[in-house]
$ cat structure.pdb   # PDB, C-alpha atoms
ATOM      1  CA  MET A 138     -30.143 -14.444  -3.866  1.00  0.00           C
ATOM      2  CA  ALA A 139     -26.909 -12.642  -3.062  1.00  0.00           C
ATOM      3  CA  ALA A 140     -24.659 -14.172  -0.435  1.00  0.00           C
ATOM      4  CA  PRO A 141     -24.242 -12.111   2.736  1.00  0.00           C
ATOM      5  CA  SER A 142     -21.178  -9.890   2.625  1.00  0.00           C
ATOM      6  CA  GLU A 143     -18.202 -10.794   4.775  1.00  0.00           C
ATOM      7  CA  ALA A 144     -17.536  -8.562   7.765  1.00  0.00           C
ATOM      8  CA  PRO A 145     -14.395  -6.509   7.208  1.00  0.00           C
ATOM      9  CA  VAL A 146     -11.173  -7.405   8.929  1.00  0.00           C
ATOM     10  CA  THR A 147     -10.781  -4.643  11.473  1.00  0.00           C
ATOM     11  CA  ARG A 148      -7.888  -5.618  13.770  1.00  0.00           C
ATOM     12  CA  GLN A 149      -5.680  -2.544  14.086  1.00  0.00           C
ATOM     13  CA  VAL A 150      -2.040  -2.532  15.076  1.00  0.00           C
ATOM     14  CA  SER A 151      -0.979   0.836  16.431  1.00  0.00           C
ATOM     15  CA  SER A 152       1.386   2.729  14.159  1.00  0.00           C
ATOM     16  CA  HIS A 153       3.270   3.798  17.267  1.00  0.00           C
ATOM     17  CA  ALA A 154       3.671   0.351  18.826  1.00  0.00           C
ATOM     18  CA  ALA A 155       7.083  -1.288  18.844  1.00  0.00           C
ATOM     19  CA  PRO A 156       7.425  -3.901  16.092  1.00  0.00           C
ATOM     20  CA  ALA A 157       6.994  -7.487  17.230  1.00  0.00           C
ATOM     21  CA  PRO A 158       8.081 -10.683  15.483  1.00  0.00           C
ATOM     22  CA  VAL A 159       5.609 -12.161  13.029  1.00  0.00           C
ATOM     23  CA  PRO A 160       3.730 -14.921  14.857  1.00  0.00           C
ATOM     24  CA  SER A 161       4.851 -18.361  13.718  1.00  0.00           C
ATOM     25  CA  GLY A 162       2.221 -20.627  15.220  1.00  0.00           C
ATOM     26  CA  PRO A 163      -1.038 -21.490  13.423  1.00  0.00           C
ATOM     27  CA  ALA A 164      -3.062 -20.340  16.431  1.00  0.00           C
ATOM     28  CA  SER A 165      -1.727 -16.805  16.027  1.00  0.00           C
ATOM     29  CA  TRP A 166      -2.791 -16.431  12.400  1.00  0.00           C
ATOM     30  CA  GLN A 167      -5.873 -14.456  11.534  1.00  0.00           C
ATOM     31  CA  PRO A 168      -7.596 -16.052   8.539  1.00  0.00           C
ATOM     32  CA  LEU A 169      -8.398 -14.052   5.435  1.00  0.00           C
ATOM     33  CA  ALA A 170     -11.947 -14.774   4.307  1.00  0.00           C
ATOM     34  CA  ALA A 171     -12.034 -16.959   1.192  1.00  0.00           C
ATOM     35  CA  ALA A 172     -14.503 -14.524  -0.374  1.00  0.00           C
ATOM     36  CA  VAL A 173     -11.870 -11.767  -0.128  1.00  0.00           C
ATOM     37  CA  ALA A 174      -9.083 -13.988  -1.484  1.00  0.00           C
ATOM     38  CA  GLU A 175     -11.259 -14.730  -4.511  1.00  0.00           C
ATOM     39  CA  LEU A 176     -11.814 -11.090  -5.439  1.00  0.00           C
ATOM     40  CA  PRO A 177      -9.885  -9.922  -8.519  1.00  0.00           C
ATOM     41  CA  VAL A 178      -7.259  -7.260  -8.898  1.00  0.00           C
ATOM     42  CA  LEU A 179      -6.009  -6.037 -12.276  1.00  0.00           C
ATOM     43  CA  ASP A 180      -2.435  -5.927 -13.525  1.00  0.00           C
ATOM     44  CA  ALA A 181      -0.943  -3.269 -15.809  1.00  0.00           C
ATOM     45  CA  SER A 182      -2.484  -4.894 -18.891  1.00  0.00           C
ATOM     46  CA  GLY A 183      -5.944  -5.149 -17.339  1.00  0.00           C
ATOM     47  CA  ARG A 184      -5.659  -8.895 -16.747  1.00  0.00           C
ATOM     48  CA  PRO A 185      -7.588 -10.036 -13.654  1.00  0.00           C
ATOM     49  CA  VAL A 186      -5.698 -11.950 -10.965  1.00  0.00           C
ATOM     50  CA  LEU A 187      -7.290 -13.388  -7.842  1.00  0.00           C
ATOM     51  CA  PHE A 188      -6.117 -11.481  -4.774  1.00  0.00           C
ATOM     52  CA  GLY A 189      -5.305 -14.705  -2.923  1.00  0.00           C
ATOM     53  CA  GLU A 190      -3.005 -15.892  -5.701  1.00  0.00           C
ATOM     54  CA  LEU A 191      -0.611 -13.036  -4.936  1.00  0.00           C
ATOM     55  CA  PHE A 192       0.455 -14.665  -1.654  1.00  0.00           C
ATOM     56  CA  ARG A 193      -0.562 -18.287  -2.149  1.00  0.00           C
ATOM     57  CA  GLU A 194       2.998 -19.645  -2.046  1.00  0.00           C
ATOM     58  CA  ARG A 195       4.917 -17.165   0.113  1.00  0.00           C
ATOM     59  CA  ARG A 196       4.579 -14.279   2.518  1.00  0.00           C
ATOM     60  CA  ALA A 197       3.847 -10.891   1.022  1.00  0.00           C
ATOM     61  CA  ILE A 198       3.946  -7.305   2.209  1.00  0.00           C
ATOM     62  CA  VAL A 199       0.828  -5.775   0.640  1.00  0.00           C
ATOM     63  CA  VAL A 200       0.572  -1.986   0.681  1.00  0.00           C
ATOM     64  CA  PHE A 201      -2.779  -0.414  -0.238  1.00  0.00           C
ATOM     65  CA  VAL A 202      -2.258   3.213  -1.272  1.00  0.00           C
ATOM     66  CA  ARG A 203      -4.803   6.038  -1.214  1.00  0.00           C
ATOM     67  CA  HIS A 204      -4.650   6.961  -4.890  1.00  0.00           C
ATOM     68  CA  PHE A 205      -1.928   7.411  -7.477  1.00  0.00           C
ATOM     69  CA  LEU A 206      -2.179  11.238  -7.514  1.00  0.00           C
ATOM     70  CA  CYS A 207      -1.563  11.470  -3.765  1.00  0.00           C
ATOM     71  CA  TYR A 208       1.900  13.011  -3.402  1.00  0.00           C
ATOM     72  CA  ILE A 209       2.405  11.238  -0.060  1.00  0.00           C
ATOM     73  CA  CYS A 210       1.601   7.881  -1.662  1.00  0.00           C
ATOM     74  CA  LYS A 211       3.948   8.709  -4.543  1.00  0.00           C
ATOM     75  CA  GLU A 212       6.823   9.504  -2.208  1.00  0.00           C
ATOM     76  CA  TYR A 213       6.129   6.447  -0.048  1.00  0.00           C
ATOM     77  CA  VAL A 214       6.181   4.211  -3.141  1.00  0.00           C
ATOM     78  CA  GLU A 215       9.386   5.916  -4.303  1.00  0.00           C
ATOM     79  CA  ASP A 216      10.968   4.586  -1.110  1.00  0.00           C
ATOM     80  CA  LEU A 217       9.387   1.142  -1.571  1.00  0.00           C
ATOM     81  CA  ALA A 218      11.108   1.146  -4.967  1.00  0.00           C
ATOM     82  CA  LYS A 219      14.471   1.438  -3.215  1.00  0.00           C
ATOM     83  CA  ILE A 220      14.116  -1.956  -1.532  1.00  0.00           C
ATOM     84  CA  PRO A 221      16.544  -4.269  -3.382  1.00  0.00           C
ATOM     85  CA  LYS A 222      14.890  -7.327  -4.859  1.00  0.00           C
ATOM     86  CA  SER A 223      17.774  -9.377  -3.443  1.00  0.00           C
ATOM     87  CA  PHE A 224      16.713  -8.394   0.112  1.00  0.00           C
ATOM     88  CA  LEU A 225      13.195  -9.693  -0.537  1.00  0.00           C
ATOM     89  CA  GLN A 226      14.429 -12.860  -2.235  1.00  0.00           C
ATOM     90  CA  GLU A 227      16.704 -13.697   0.709  1.00  0.00           C
ATOM     91  CA  ALA A 228      13.688 -13.571   3.036  1.00  0.00           C
ATOM     92  CA  ASN A 229      11.376 -15.283   0.493  1.00  0.00           C
ATOM     93  CA  VAL A 230       8.989 -12.326   0.641  1.00  0.00           C
ATOM     94  CA  THR A 231       7.031 -10.572  -2.119  1.00  0.00           C
ATOM     95  CA  LEU A 232       6.345  -6.823  -2.111  1.00  0.00           C
ATOM     96  CA  ILE A 233       3.014  -5.749  -3.606  1.00  0.00           C
ATOM     97  CA  VAL A 234       1.388  -2.330  -4.032  1.00  0.00           C
ATOM     98  CA  ILE A 235      -2.352  -2.093  -4.705  1.00  0.00           C
ATOM     99  CA  GLY A 236      -4.046   1.090  -5.876  1.00  0.00           C
ATOM    100  CA  GLN A 237      -7.665   1.875  -6.669  1.00  0.00           C
ATOM    101  CA  SER A 238      -7.399   3.573 -10.051  1.00  0.00           C
ATOM    102  CA  SER A 239      -7.948   2.271 -13.549  1.00  0.00           C
ATOM    103  CA  TYR A 240      -5.222  -0.157 -14.600  1.00  0.00           C
ATOM    104  CA  HIS A 241      -4.204   2.362 -17.284  1.00  0.00           C
ATOM    105  CA  HIS A 242      -2.506   4.409 -14.562  1.00  0.00           C
ATOM    106  CA  ILE A 243      -0.194   1.616 -13.365  1.00  0.00           C
ATOM    107  CA  GLU A 244       2.555   1.969 -15.961  1.00  0.00           C
ATOM    108  CA  PRO A 245       2.821   5.802 -15.720  1.00  0.00           C
ATOM    109  CA  PHE A 246       2.868   5.572 -11.912  1.00  0.00           C
ATOM    110  CA  CYS A 247       5.693   3.014 -11.999  1.00  0.00           C
ATOM    111  CA  LYS A 248       7.699   5.202 -14.376  1.00  0.00           C
ATOM    112  CA  LEU A 249       7.126   8.196 -12.126  1.00  0.00           C
ATOM    113  CA  THR A 250       8.199   6.424  -8.925  1.00  0.00           C
ATOM    114  CA  GLY A 251      10.786   3.976 -10.259  1.00  0.00           C
ATOM    115  CA  TYR A 252       8.792   1.144  -8.669  1.00  0.00           C
ATOM    116  CA  SER A 253       9.504  -2.259 -10.258  1.00  0.00           C
ATOM    117  CA  HIS A 254       8.019  -4.713  -7.746  1.00  0.00           C
ATOM    118  CA  GLU A 255       4.504  -6.155  -8.126  1.00  0.00           C
ATOM    119  CA  ILE A 256       1.609  -3.711  -8.489  1.00  0.00           C
ATOM    120  CA  TYR A 257      -2.132  -4.102  -9.150  1.00  0.00           C
ATOM    121  CA  VAL A 258      -5.340  -2.117  -8.831  1.00  0.00           C
ATOM    122  CA  ASP A 259      -8.727  -2.698  -7.220  1.00  0.00           C
ATOM    123  CA  PRO A 260     -10.759  -0.102  -9.149  1.00  0.00           C
ATOM    124  CA  GLU A 261     -14.068  -0.942  -7.448  1.00  0.00           C
ATOM    125  CA  ARG A 262     -12.371  -0.816  -4.014  1.00  0.00           C
ATOM    126  CA  GLU A 263     -14.024  -4.091  -3.050  1.00  0.00           C
ATOM    127  CA  ILE A 264     -10.923  -5.425  -1.292  1.00  0.00           C
ATOM    128  CA  TYR A 265     -10.377  -2.092   0.419  1.00  0.00           C
ATOM    129  CA  LYS A 266     -13.930  -2.305   1.780  1.00  0.00           C
ATOM    130  CA  ARG A 267     -13.714  -5.961   2.836  1.00  0.00           C
ATOM    131  CA  LEU A 268     -10.460  -5.323   4.693  1.00  0.00           C
ATOM    132  CA  GLY A 269     -11.968  -2.375   6.551  1.00  0.00           C
ATOM    133  CA  MET A 270      -9.860   0.371   4.974  1.00  0.00           C
ATOM    134  CA  LYS A 271     -11.160   3.748   6.079  1.00  0.00           C
ATOM    135  CA  ARG A 272     -12.678   6.571   4.041  1.00  0.00           C
ATOM    136  CA  GLY A 273     -12.130  10.117   5.192  1.00  0.00           C
ATOM    137  CA  GLU A 274      -9.416  11.673   7.314  1.00  0.00           C
ATOM    138  CA  GLU A 275      -9.270  10.853  11.014  1.00  0.00           C
ATOM    139  CA  ILE A 276      -7.714  13.683  13.015  1.00  0.00           C
ATOM    140  CA  ALA A 277      -4.799  11.981  14.703  1.00  0.00           C
ATOM    141  CA  SER A 278      -1.142  12.783  15.183  1.00  0.00           C
ATOM    142  CA  SER A 279       0.889  10.437  13.001  1.00  0.00           C
ATOM    143  CA  GLY A 280       4.296  11.961  13.696  1.00  0.00           C
ATOM    144  CA  GLN A 281       6.929  12.866  11.135  1.00  0.00           C
ATOM    145  CA  SER A 282       7.059  10.365   8.293  1.00  0.00           C
ATOM    146  CA  PRO A 283      10.559   9.340   7.205  1.00  0.00           C
ATOM    147  CA  HIS A 284       9.219   8.889   3.675  1.00  0.00           C
ATOM    148  CA  VAL A 285       7.546  12.244   2.898  1.00  0.00           C
ATOM    149  CA  LYS A 286       9.878  14.697   1.182  1.00  0.00           C
ATOM    150  CA  SER A 287       7.438  17.452   0.144  1.00  0.00           C
ATOM    151  CA  ASN A 288       5.483  19.892   2.241  1.00  0.00           C
ATOM    152  CA  ILE A 289       1.725  20.042   1.812  1.00  0.00           C
ATOM    153  CA  LEU A 290       1.780  23.085  -0.485  1.00  0.00           C
ATOM    154  CA  SER A 291       4.395  21.902  -2.975  1.00  0.00           C
ATOM    155  CA  GLY A 292       3.108  18.322  -2.880  1.00  0.00           C
ATOM    156  CA  SER A 293      -0.494  19.341  -3.557  1.00  0.00           C
ATOM    157  CA  ILE A 294       0.517  21.626  -6.429  1.00  0.00           C
ATOM    158  CA  ARG A 295       2.488  18.827  -8.084  1.00  0.00           C
ATOM    159  CA  SER A 296      -0.434  16.419  -7.642  1.00  0.00           C
ATOM    160  CA  LEU A 297      -2.832  18.883  -9.268  1.00  0.00           C
ATOM    161  CA  TRP A 298      -0.399  19.465 -12.122  1.00  0.00           C
ATOM    162  CA  ARG A 299      -0.148  15.732 -12.775  1.00  0.00           C
ATOM    163  CA  ALA A 300      -3.958  15.522 -12.787  1.00  0.00           C
ATOM    164  CA  VAL A 301      -4.499  18.263 -15.363  1.00  0.00           C
ATOM    165  CA  THR A 302      -1.587  17.296 -17.623  1.00  0.00           C
ATOM    166  CA  GLY A 303      -2.158  13.540 -17.607  1.00  0.00           C
ATOM    167  CA  PRO A 304      -3.725  11.744 -20.580  1.00  0.00           C
ATOM    168  CA  LEU A 305      -6.786  10.933 -18.448  1.00  0.00           C
ATOM    169  CA  PHE A 306      -8.022  13.807 -16.282  1.00  0.00           C
ATOM    170  CA  ASP A 307      -9.144  12.069 -13.103  1.00  0.00           C
ATOM    171  CA  PHE A 308      -8.019  11.666  -9.507  1.00  0.00           C
ATOM    172  CA  GLN A 309      -6.745   8.142 -10.190  1.00  0.00           C
ATOM    173  CA  GLY A 310      -8.923   6.807  -7.374  1.00  0.00           C
ATOM    174  CA  ASP A 311     -11.281   8.033  -4.654  1.00  0.00           C
ATOM    175  CA  PRO A 312      -9.512  10.970  -2.898  1.00  0.00           C
ATOM    176  CA  ALA A 313     -11.258  10.118   0.397  1.00  0.00           C
ATOM    177  CA  GLN A 314     -10.028   6.521   0.483  1.00  0.00           C
ATOM    178  CA  GLN A 315      -7.292   5.642   2.981  1.00  0.00           C
ATOM    179  CA  GLY A 316      -4.908   2.734   2.597  1.00  0.00           C
ATOM    180  CA  GLY A 317      -3.121   0.283   4.839  1.00  0.00           C
ATOM    181  CA  THR A 318      -0.450  -2.379   5.093  1.00  0.00           C
ATOM    182  CA  LEU A 319      -0.755  -6.139   5.556  1.00  0.00           C
ATOM    183  CA  ILE A 320       1.541  -9.132   5.839  1.00  0.00           C
ATOM    184  CA  LEU A 321      -0.181 -12.116   4.260  1.00  0.00           C
ATOM    185  CA  GLY A 322       0.564 -15.702   3.315  1.00  0.00           C
ATOM    186  CA  PRO A 323       1.468 -18.323   2.554  1.00  0.00           C
ATOM    187  CA  GLY A 324      -2.183 -19.085   1.922  1.00  0.00           C
ATOM    188  CA  ASN A 325      -5.055 -17.103   3.393  1.00  0.00           C
ATOM    189  CA  ASN A 326      -3.290 -16.077   6.586  1.00  0.00           C
ATOM    190  CA  ILE A 327      -3.025 -12.530   7.937  1.00  0.00           C
ATOM    191  CA  HIS A 328       0.011 -11.988  10.152  1.00  0.00           C
ATOM    192  CA  PHE A 329      -0.259  -8.215  10.474  1.00  0.00           C
ATOM    193  CA  ILE A 330      -2.671  -5.481   9.434  1.00  0.00           C
ATOM    194  CA  HIS A 331      -2.529  -1.719   9.818  1.00  0.00           C
ATOM    195  CA  HIS A 332      -5.349   0.594   8.689  1.00  0.00           C
ATOM    196  CA  ASP A 333      -4.161   4.114   7.853  1.00  0.00           C
ATOM    197  CA  ARG A 334      -6.169   6.680   9.794  1.00  0.00           C
ATOM    198  CA  ASN A 335      -5.152   9.532   7.519  1.00  0.00           C
ATOM    199  CA  ARG A 336      -2.784  10.239   4.633  1.00  0.00           C
ATOM    200  CA  LEU A 337       0.289  10.442   6.895  1.00  0.00           C
ATOM    201  CA  ASP A 338      -0.474   7.347   8.965  1.00  0.00           C
ATOM    202  CA  HIS A 339       1.352   4.789   6.806  1.00  0.00           C
ATOM    203  CA  LYS A 340       3.730   2.345   8.492  1.00  0.00           C
ATOM    204  CA  PRO A 341       7.432   3.204   8.324  1.00  0.00           C
ATOM    205  CA  ILE A 342       8.833   0.804   5.756  1.00  0.00           C
ATOM    206  CA  ASN A 343      11.698  -0.524   7.844  1.00  0.00           C
ATOM    207  CA  SER A 344       9.344  -1.446  10.690  1.00  0.00           C
ATOM    208  CA  VAL A 345       7.405  -3.636   8.227  1.00  0.00           C
ATOM    209  CA  LEU A 346      10.568  -5.129   6.735  1.00  0.00           C
ATOM    210  CA  GLN A 347      11.692  -6.057  10.238  1.00  0.00           C
ATOM    211  CA  LEU A 348       8.507  -8.046  10.791  1.00  0.00           C
ATOM    212  CA  VAL A 349       9.295 -10.363   7.871  1.00  0.00           C
ATOM    213  CA  GLY A 350      13.041 -10.600   8.357  1.00  0.00           C
ATOM    214  CA  VAL A 351      14.038  -8.341   5.453  1.00  0.00           C
ATOM    215  CA  GLN A 352      17.178  -6.226   5.831  1.00  0.00           C
ATOM    216  CA  HIS A 353      16.723  -2.564   6.671  1.00  0.00           C
ATOM    217  CA  VAL A 354      17.094  -0.041   3.866  1.00  0.00           C
ATOM    218  CA  ASP A 355      18.704   3.384   4.223  1.00  0.00           C
ATOM    219  CA  PHE A 356      16.153   6.006   3.141  1.00  0.00           C
ATOM    220  CA  THR A 357      17.966   8.948   4.732  1.00  0.00           C
ATOM    221  CA  SER A 358      20.411   9.913   1.973  1.00  0.00           C
ATOM    222  CA  ARG A 359      18.600  13.118   1.029  1.00  0.00           C
ATOM    223  CA  PRO A 360      18.345  16.655   2.396  1.00  0.00           C
ATOM    224  CA  SER A 361      15.766  17.308   5.090  1.00  0.00           C
ATOM    225  CA  VAL A 362      12.586  19.198   4.207  1.00  0.00           C
ATOM    226  CA  ILE A 363      11.071  22.032   6.240  1.00  0.00           C
ATOM    227  CA  HIS A 364       7.267  21.728   6.263  1.00  0.00           C
ATOM    228  CA  VAL A 365       5.173  24.867   6.129  1.00  0.00           C
TER
END
$ encode --input "structure.pdb" --output "structure tokens"
Amino acid sequence: MAAPSEAPVTRQVSSHAAPAPVPSGPASWQPLAAAVAELPVLDASGRPVLFGELFRERRAIVVFVRHFLCYICKEYVEDLAKIPKSFLQEANVTLIVIGQSSYHHIEPFCKLTGYSHEIYVDPEREIYKRLGMKRGEEIASSGQSPHVKSNILSGSIRSLWRAVTGPLFDFQGDPAQQGGTLILGPGNNIHFIHHDRNRLDHKPINSVLQLVGVQHVDFTSRPSVIHV
């Protein structure tokens, strides 16, 4: 007889709220269900790793992206790639990206974005579901993202081009799936969770870095983009 499924974690922190310090007392932690911590993710070689092992020993910023063909996700991860490893090491924090494609797409995505921190995939989207990540686009104003460089037309065209010219013609994940950002660990403790309401609703990276005591990173050294 199958065990009853765990209710998803659904606490939402507004993307427009001012950042607050990460709670330090045990009473302020929200526990991550053991059943979720025991679900596997896959690394770039297809090796399964238990989700909970990724933050067993230290705090981790865990970013769930929509899918690897999403141009907004690509540009967001390009900025995550700019975070110096020394900044994370000083704060004893791990940075992790999780996608929902086949593991075969991890290496090409890292080459494309320059991302060299930890990255895994949840191809069945089980962790996405258990954490309450949304499917579909919620109509909500998310403001101007500091991390999106392309407008919707040029970004979509580049995404389609990557789809049709890639070695595996697929969307590299469910196009309707939204992502989110968590701060987890050490152990099965959730300090912060944000569910993206739509593709532009990701947390500004520096606001997340501030929550874990990581130095701010300058992402502004590029020309501005006019959206059409």
$ closest_residue --input "structure.pdb" --among "A:Leu187, A:Ala171, A:Val178, A:Ile198" --to "Asn343 in chain A" --atoms "only C-alpha atoms"
A:Ile198
$ resolve_selection --input "structure.pdb" --expression "the PyMOL selection byres ((chain A and resi 180) around 8)" --output "VMD selection string"
chain A and resid 178 to 179 181 to 186 240 243 256 to 258
$ resolve_selection --input "structure.pdb" --expression "the PyMOL selection byres ((chain A and resi 205) around 10)" --output "ChimeraX atom specification"
/A:202-204,206-211,214,235-239,242-243,245-247,296,300,308-312
$ resolve_selection --input "structure.pdb" --expression "the PyMOL selection byres ((chain A and resi 232) around 10)" --output "list in words"
Leu191, Phe192, Arg196, Ala197, Ile198, Val199, Val200, Leu217, Ala218, Ile220, Lys222, Leu225, Val230, Thr231, Ile233, Val234, Ser253, His254, Glu255, Ile256, Ile320 and Leu346 of chain A
$ atom_distance --input "structure.pdb" --atom1 "CA of Leu348 in chain A" --atom2 "CA of Leu319 in chain A"
10.8 Å
$ residues_around --input "structure.pdb" --residues "range 337-342 of chain A" --least-positions-apart "3" --cutoff "8 Å" --atoms "all atoms listed in the file" --output "list in words"
Ser152, Ile209, Leu217, Ser279, Ser282, Pro283, His284, Gly316, Gly317, Thr318, His331, Asp333, Arg334, Val345 and Leu346 of chain A
